[in-house]
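Okay, so here's the structure we're looking at.
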Amino acid sequence: MSLAKNKIVFEDCKISCVEIESFSILDNQSILITGGTGFIGKWIAEMVSYINSVSNVNIKLYLLGRDIVKFKEDVPHLAEKSFINFIEQDVRYLHDLPSDINYIIHAAGSPDNREHVSDPLKTIETFYKGTQSLLDAASRIQDLKKIVHLSSHQVYGKNETEQLISENSFGSFEALNIANCYAESKRISETLCSYYKNNLRLPIVILRPFAFIGPYQDIEKPWAINSFIRDAILGGPIRILGNGLTERSYLYASDMAYCILKSLIHGKIGEIYNLGSSTSISLNELAIKIQNQSGSKMEILSRSSKDYLRVSKLVPNTDKIKKELHFKEIFTIDEAINRTILWNQLKRNN
């Protein structure tokens with residue numbers, strides 16, 4: 001079963017990596033990934049593993065995380081790769097980094113709102129103090145070419161229009177709501193990036209991720225598409241909690257990893273890019289697609305205790321990242337759902 005799961009991921013990387021020759025610039029370069037043992041870190045490691053295995057490129061990775069043991073248990077095929085090195089460290093207390101690092105992808109921290117509400121101070125510290133510690137350490141690296149900082153779409157606040165969200169779109173924001181500690185800490189982290197870019201001349205690019213889906217993402221996470229897939233794998237029913245007209249978009253994981261690596265090459269210093277899919281889908285439509293992909297006509301239950309006056313829409317305008325980073329979304333939502341269900345079924349059977 002593990003071989004079958006790994007094959008799916010390898011094929012995904014092959015399909016998404018449409019311009020593998022562009023990564024020749026990363027030959028014999030070292031990339032540090034903070035949060036390297038999480039969902040994003042695993043996928044970047046998979047993409048680099050694919051690139052190294054089928055081309056003449058030799059990319060070295062440093063994965064920084066707090067639980068290296070769990071990473072080795074989850075993905076032993078990656079843990080044994082000679083090009084991967086581990087740094088077991090809490091990013092908040094980071095001081096020194098290996099001197100041979102050329103690129104940094106700052107992806108530390110969880111977007112799980114349950115963690116933010118239960119320990120908001122830790123959330124704020126992870127993104128504010130963690131980002132400051134990383135940038136301080138990065139300022140002492142001699143041959144640093146670029147830092148890609150992963151922020152969040154939540155910095156935009158509420159989108160109260162039907163328009164796609166562009167990089168200069170900002171809606172209303174409740175600063176005194178403790179549930180917004182994640183978004184606020186992401187905002188101040190972007191401000192830190194601006195300071196270090198302007199005052200210390202650090203070569204920083206900012207990506208604002210939206211929603212992703214794919215293998216390695218925990219389907220117990222409290223997001224609609226994860227819950228729907230979990231419900232379907234367990235035999236249903238699929239439960240829609242909240243407004244079924246809510247619109248979101250989902251970028252498949254291998255497309256995400258490929259785009260992040262492309263940002264190391266083409267991302268312009270000082271610029272901000274949306275990272276996600278521009279193809280919107282309502283939760284009602286999403287539930288039906290997952291129902292159809294599961295091969296069983298299980299029931300879809302829609303439950304809400306309130307009437308909604310406005311439809312929530314969080315979908316990015318991706319024109320900028322397509323133009324400047326040469327990014328093209330490869331996997332459709334149907335393909336993304338199919339691959340994710342298949343991988344999770346294999347994981348469950350294993």
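Within each chain, counting starts at residue 1; across the structure tokens, chains are named A, B, ... in the order shown, with ligands numbered 1 upward in that order.
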
Would you list, as a short mmCIF file (atom, residue, chain, number, x, y, z; two decimals) with N, CA and C atoms, in the first residue's frame, the residues of stretch 69-248 of chain A that end up in strand (DSSP E or B) under DSSP run on this structure's backbone?
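The file below, states-v9.cif, is the result:
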data_model
loop_
_atom_site.label_atom_id
_atom_site.label_comp_id
_atom_site.auth_asym_id
_atom_site.auth_seq_id
_atom_site.Cartn_x
_atom_site.Cartn_y
_atom_site.Cartn_z
N ILE A 84 18.35 15.27 1.84
CA ILE A 84 17.54 15.88 2.89
C ILE A 84 18.29 15.86 4.21
N ASN A 85 18.36 17.03 4.84
CA ASN A 85 18.99 17.18 6.15
C ASN A 85 17.96 17.76 7.12
N PHE A 86 18.04 17.39 8.37
CA PHE A 86 17.04 17.80 9.34
C PHE A 86 17.62 18.76 10.38
N ILE A 87 16.79 19.74 10.75
CA ILE A 87 17.11 20.64 11.86
C ILE A 87 15.92 20.61 12.80
N GLU A 88 16.08 19.98 13.96
CA GLU A 88 14.98 19.89 14.92
C GLU A 88 15.03 21.13 15.81
N TYR A 103 18.61 29.53 -0.36
CA TYR A 103 17.20 29.93 -0.45
C TYR A 103 16.47 29.49 0.81
N ILE A 104 15.44 30.26 1.18
CA ILE A 104 14.62 29.92 2.35
C ILE A 104 13.15 29.98 1.97
N ILE A 105 12.40 28.97 2.35
CA ILE A 105 10.94 28.97 2.24
C ILE A 105 10.39 28.93 3.66
N HIS A 106 9.78 30.02 4.08
CA HIS A 106 9.30 30.14 5.46
C HIS A 106 7.84 29.71 5.52
N LYS A 146 17.37 34.29 -2.00
CA LYS A 146 15.95 34.66 -1.91
C LYS A 146 15.29 33.99 -0.72
N ILE A 147 14.33 34.71 -0.12
CA ILE A 147 13.47 34.18 0.93
C ILE A 147 12.03 34.26 0.43
N VAL A 148 11.32 33.15 0.48
CA VAL A 148 9.89 33.15 0.15
C VAL A 148 9.12 32.98 1.45
N HIS A 149 8.38 34.00 1.81
CA HIS A 149 7.60 33.99 3.05
C HIS A 149 6.16 33.64 2.72
N LEU A 150 5.64 32.55 3.34
CA LEU A 150 4.25 32.16 3.14
C LEU A 150 3.38 32.84 4.19
N ILE A 165 -10.27 37.90 -5.30
CA ILE A 165 -9.43 38.72 -4.44
C ILE A 165 -8.06 38.92 -5.07
N ILE A 204 13.30 39.31 -0.15
CA ILE A 204 12.08 38.63 0.30
C ILE A 204 10.95 38.76 -0.72
N VAL A 205 10.28 37.62 -0.95
CA VAL A 205 9.06 37.53 -1.76
C VAL A 205 7.97 36.97 -0.86
N ILE A 206 6.75 37.49 -0.98
CA ILE A 206 5.64 37.02 -0.14
C ILE A 206 4.60 36.31 -1.00
N LEU A 207 4.21 35.10 -0.55
CA LEU A 207 3.09 34.38 -1.14
C LEU A 207 1.95 34.37 -0.14
N ARG A 208 0.73 34.57 -0.62
CA ARG A 208 -0.46 34.50 0.23
C ARG A 208 -1.28 33.27 -0.17
N PRO A 209 -1.11 32.17 0.55
CA PRO A 209 -1.82 30.93 0.19
C PRO A 209 -3.31 31.02 0.48
N PHE A 212 -5.75 24.49 -0.12
CA PHE A 212 -5.12 23.39 -0.85
C PHE A 212 -5.81 22.08 -0.52
N ILE A 213 -5.57 21.08 -1.37
CA ILE A 213 -6.08 19.74 -1.12
C ILE A 213 -5.11 18.74 -1.73
N ILE A 238 -22.45 12.77 3.92
CA ILE A 238 -21.62 13.96 3.85
C ILE A 238 -22.39 15.10 4.51
N ARG A 239 -21.78 15.77 5.47
CA ARG A 239 -22.46 16.80 6.23
C ARG A 239 -21.94 18.18 5.87
N ILE A 240 -22.86 19.06 5.46
CA ILE A 240 -22.51 20.45 5.19
C ILE A 240 -22.95 21.26 6.40
N LEU A 241 -21.97 21.79 7.12
CA LEU A 241 -22.26 22.61 8.30
C LEU A 241 -22.07 24.08 7.93
N GLU A 247 -18.49 29.99 -1.21
CA GLU A 247 -17.60 29.68 -2.34
C GLU A 247 -16.14 29.69 -1.92
N ARG A 248 -15.44 28.63 -2.31
CA ARG A 248 -14.02 28.51 -2.07
C ARG A 248 -13.35 27.98 -3.34
#

Applying 12 Å and only C-alpha atoms, which residues near A:Ser302 remain after dropping the ones on its own chain fewer than 4 positions away? List them as a VMD selection string.
chain A and resid 228 237 to 245 283 to 284 287 to 288

Between atom CA of A:Gly109 and atom CA of A:Asn199 - distance in Å to one decimal:
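Spanning atom CA of A:Asn199 to atom CA of A:Gly109 is a straight-line distance of 25.3 Å.
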
Under the rule that only C-alpha atoms are counted, which of A:Val48, A:Ala211, A:Ile330, A:Leu200 is the nearest residue to A:Ser139?
A:Leu200

Please report the interatomic distance between atom CA of A:Val57 and atom CA of A:Asp27 in Å with one decimal.
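Interatomic distance, atom CA of A:Val57 to atom CA of A:Asp27: 4.8 Å.
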
Residues at most 8 Å from stretch 6-11 of chain A, counting only C-alpha atoms, excluding those fewer than 4 positions away in the same chain, as an MDAnalysis selection string?
chainID A and resid 2 15 46 50 215 254 339 343
